[in-house]
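Raw contents of entry-v6.pdb, PDB, C-alpha atoms, pLDDT in the B column:
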```pdb
MODEL        1
ATOM      1  CA  MET A   1     -26.228  22.401   6.986  1.00 64.00           C
ATOM      2  CA  ALA A   2     -23.220  22.521   9.284  1.00 71.00           C
ATOM      3  CA  SER A   3     -20.301  20.201   8.717  1.00 76.00           C
ATOM      4  CA  THR A   4     -19.573  17.592  11.364  1.00 88.00           C
ATOM      5  CA  ARG A   5     -15.933  17.499  10.365  1.00 87.00           C
ATOM      6  CA  LYS A   6     -13.359  18.796  12.816  1.00 91.00           C
ATOM      7  CA  GLN A   7     -10.012  20.278  11.981  1.00 92.00           C
ATOM      8  CA  THR A   8      -6.798  19.209  13.688  1.00 92.00           C
ATOM      9  CA  GLN A   9      -3.110  19.810  13.305  1.00 94.00           C
ATOM     10  CA  VAL A  10      -0.460  17.103  13.111  1.00 93.00           C
ATOM     11  CA  ARG A  11       3.291  17.605  13.152  1.00 96.00           C
ATOM     12  CA  LEU A  12       5.235  15.148  11.036  1.00 96.00           C
ATOM     13  CA  GLU A  13       8.845  14.726  10.079  1.00 97.00           C
ATOM     14  CA  GLU A  14       9.425  16.042   6.565  1.00 97.00           C
ATOM     15  CA  ASN A  15      10.198  12.593   5.128  1.00 97.00           C
ATOM     16  CA  VAL A  16       7.087  11.080   6.752  1.00 97.00           C
ATOM     17  CA  LEU A  17       4.902  13.845   5.299  1.00 97.00           C
ATOM     18  CA  ALA A  18       6.452  13.362   1.848  1.00 97.00           C
ATOM     19  CA  ALA A  19       5.895   9.600   2.009  1.00 97.00           C
ATOM     20  CA  GLY A  20       2.290  10.125   3.096  1.00 96.00           C
ATOM     21  CA  LYS A  21       1.594  12.583   0.305  1.00 97.00           C
ATOM     22  CA  ALA A  22       3.153  10.217  -2.243  1.00 97.00           C
ATOM     23  CA  ALA A  23       1.070   7.298  -0.929  1.00 96.00           C
ATOM     24  CA  ALA A  24      -2.083   9.427  -1.082  1.00 97.00           C
ATOM     25  CA  ALA A  25      -1.319  10.509  -4.647  1.00 97.00           C
ATOM     26  CA  ALA A  26      -0.659   6.897  -5.690  1.00 96.00           C
ATOM     27  CA  ARG A  27      -4.152   6.060  -4.435  1.00 95.00           C
ATOM     28  CA  ARG A  28      -5.614   9.152  -6.076  1.00 96.00           C
ATOM     29  CA  LEU A  29      -6.667  10.557  -2.701  1.00 96.00           C
ATOM     30  CA  ASP A  30      -6.000  13.932  -1.208  1.00 95.00           C
ATOM     31  CA  PHE A  31      -3.769  13.759   1.862  1.00 96.00           C
ATOM     32  CA  ASN A  32      -6.602  14.458   4.335  1.00 95.00           C
ATOM     33  CA  LYS A  33      -8.747  11.643   2.922  1.00 95.00           C
ATOM     34  CA  TYR A  34      -5.754   9.301   2.991  1.00 96.00           C
ATOM     35  CA  VAL A  35      -5.081  10.015   6.681  1.00 96.00           C
ATOM     36  CA  GLU A  36      -8.781   9.687   7.494  1.00 94.00           C
ATOM     37  CA  ARG A  37      -8.911   6.305   5.732  1.00 92.00           C
ATOM     38  CA  LEU A  38      -5.844   5.052   7.619  1.00 92.00           C
ATOM     39  CA  ILE A  39      -7.396   6.004  10.943  1.00 92.00           C
ATOM     40  CA  VAL A  40     -10.745   4.398  10.098  1.00 90.00           C
ATOM     41  CA  GLU A  41      -9.082   1.195   8.869  1.00 86.00           C
ATOM     42  CA  ASP A  42      -6.902   0.995  11.958  1.00 84.00           C
ATOM     43  CA  THR A  43      -9.635   1.705  14.500  1.00 88.00           C
ATOM     44  CA  THR A  44     -12.328  -0.526  12.978  1.00 88.00           C
ATOM     45  CA  GLY A  45     -10.147  -3.583  12.483  1.00 84.00           C
ATOM     46  CA  ALA A  46     -10.481  -3.403   8.692  1.00 80.00           C
ATOM     47  CA  ARG A  47      -6.737  -3.050   8.261  1.00 78.00           C
ATOM     48  CA  ALA A  48      -6.002  -6.046  10.489  1.00 82.00           C
ATOM     49  CA  ALA A  49      -8.596  -8.134   8.635  1.00 85.00           C
ATOM     50  CA  GLY A  50      -7.004  -7.220   5.300  1.00 84.00           C
ATOM     51  CA  MET A  51      -3.535  -8.083   6.548  1.00 86.00           C
ATOM     52  CA  ALA A  52      -4.793 -11.419   7.924  1.00 91.00           C
ATOM     53  CA  ALA A  53      -6.405 -12.230   4.575  1.00 92.00           C
ATOM     54  CA  ALA A  54      -3.174 -11.382   2.754  1.00 90.00           C
ATOM     55  CA  GLN A  55      -1.213 -13.616   5.124  1.00 93.00           C
ATOM     56  CA  ARG A  56      -3.628 -16.512   4.512  1.00 93.00           C
ATOM     57  CA  LEU A  57      -3.246 -16.013   0.752  1.00 91.00           C
ATOM     58  CA  ILE A  58       0.532 -16.174   1.058  1.00 90.00           C
ATOM     59  CA  GLU A  59       0.403 -19.239   3.305  1.00 91.00           C
ATOM     60  CA  GLU A  60      -2.022 -21.100   1.033  1.00 91.00           C
ATOM     61  CA  HIS A  61      -0.692 -20.052  -2.370  1.00 91.00           C
ATOM     62  CA  GLY A  62       2.832 -18.748  -1.708  1.00 87.00           C
ATOM     63  CA  ALA A  63       4.597 -21.508  -3.625  1.00 89.00           C
ATOM     64  CA  SER A  64       2.359 -20.990  -6.670  1.00 89.00           C
ATOM     65  CA  LEU A  65       2.919 -17.239  -6.518  1.00 87.00           C
ATOM     66  CA  ASP A  66       6.696 -17.786  -6.313  1.00 86.00           C
ATOM     67  CA  ASP A  67       6.561 -20.098  -9.352  1.00 88.00           C
ATOM     68  CA  LEU A  68       4.531 -17.537 -11.285  1.00 88.00           C
ATOM     69  CA  GLU A  69       6.976 -14.795 -10.374  1.00 87.00           C
ATOM     70  CA  HIS A  70       9.908 -16.902 -11.616  1.00 88.00           C
ATOM     71  CA  GLN A  71       8.077 -17.644 -14.875  1.00 87.00           C
ATOM     72  CA  LEU A  72       7.352 -13.955 -15.412  1.00 88.00           C
ATOM     73  CA  ASP A  73      10.956 -12.994 -14.606  1.00 85.00           C
ATOM     74  CA  ALA A  74      12.534 -15.728 -16.780  1.00 82.00           C
ATOM     75  CA  PRO A  75      12.569 -13.742 -20.047  1.00 80.00           C
ATOM     76  CA  TYR A  76      14.545 -11.009 -18.292  1.00 78.00           C
ATOM     77  CA  THR A  77      17.079 -13.252 -16.566  1.00 75.00           C
ATOM     78  CA  ASP A  78      18.069 -15.440 -19.525  1.00 65.00           C
ATOM     79  CA  PRO A  79      21.009 -14.113 -21.551  1.00 67.00           C
ATOM     80  CA  GLN A  80      19.774 -12.323 -24.649  1.00 63.00           C
ATOM     81  CA  PRO A  81      21.171 -13.357 -28.042  1.00 65.00           C
ATOM     82  CA  GLY A  82      24.071 -11.114 -28.977  1.00 66.00           C
ATOM     83  CA  ALA A  83      24.418  -9.714 -25.449  1.00 60.00           C
ATOM     84  CA  ALA A  84      27.907  -9.461 -24.011  1.00 60.00           C
ATOM     85  CA  ALA A  85      28.610 -12.168 -21.436  1.00 54.00           C
TER      86      ALA A  85
ENDMDL
END
```
So, in terms of structure tokens, how does the structure I just supplied come out?
Amino acid sequence: MASTRKQTQVRLEENVLAAGKAAAAARRLDFNKYVERLIVEDTTGARAAGMAAAQRLIEEHGASLDDLEHQLDAPYTDPQPGAAA
């Protein structure tokens, strides 16, 4: 069975390529799959829908998330006993 995949070549700045490879590795994807996923998400509207959902979450629950962040950070911002002032 013949593959329907096509091969292409892309020229990227070295720092852009490094950032892309690091992002792919962080997602446990090979670089090709990562690029393919970005293109699919961008061209199908999936990425925009995800960003819109994230924005709604922030708008609706931003204050609660900020409070939670402050509570989680509090143990690290309070002076520790015996620490130099």
- Tell me, as a PyMOL selection string, which residues lie within 12 Å of range 16-24 of chain A, counting all atoms listed in the file; anything in the same chain fewer than 3 positions away does not count. chain A and resi 10-13+27-38
Box for range 30-39 of chain A - axis-aligned, 8 Å on each of the six sides, all listed atoms - centre and size in Å to one decimal, as lines of an AutoDock Vina configuration file.
```
center_x = -6.3
center_y = 9.8
center_z = 4.9
size_x = 21.1
size_y = 25.4
size_z = 28.2
```
- Query: How many Å lie between CA of Lys6 in chain A and CA of Ile39 in chain A, rounded to one decimal?
  - Reply: 14.2 Å
- Message: Please report the interatomic distance between CA of Gly45 in chain A and CA of Ile58 in chain A in Å with one decimal.
- Response: 20.1 Å
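Note that CA of Asp42 in chain A and CA of Gln55 in chain A are 17.1 Å apart.
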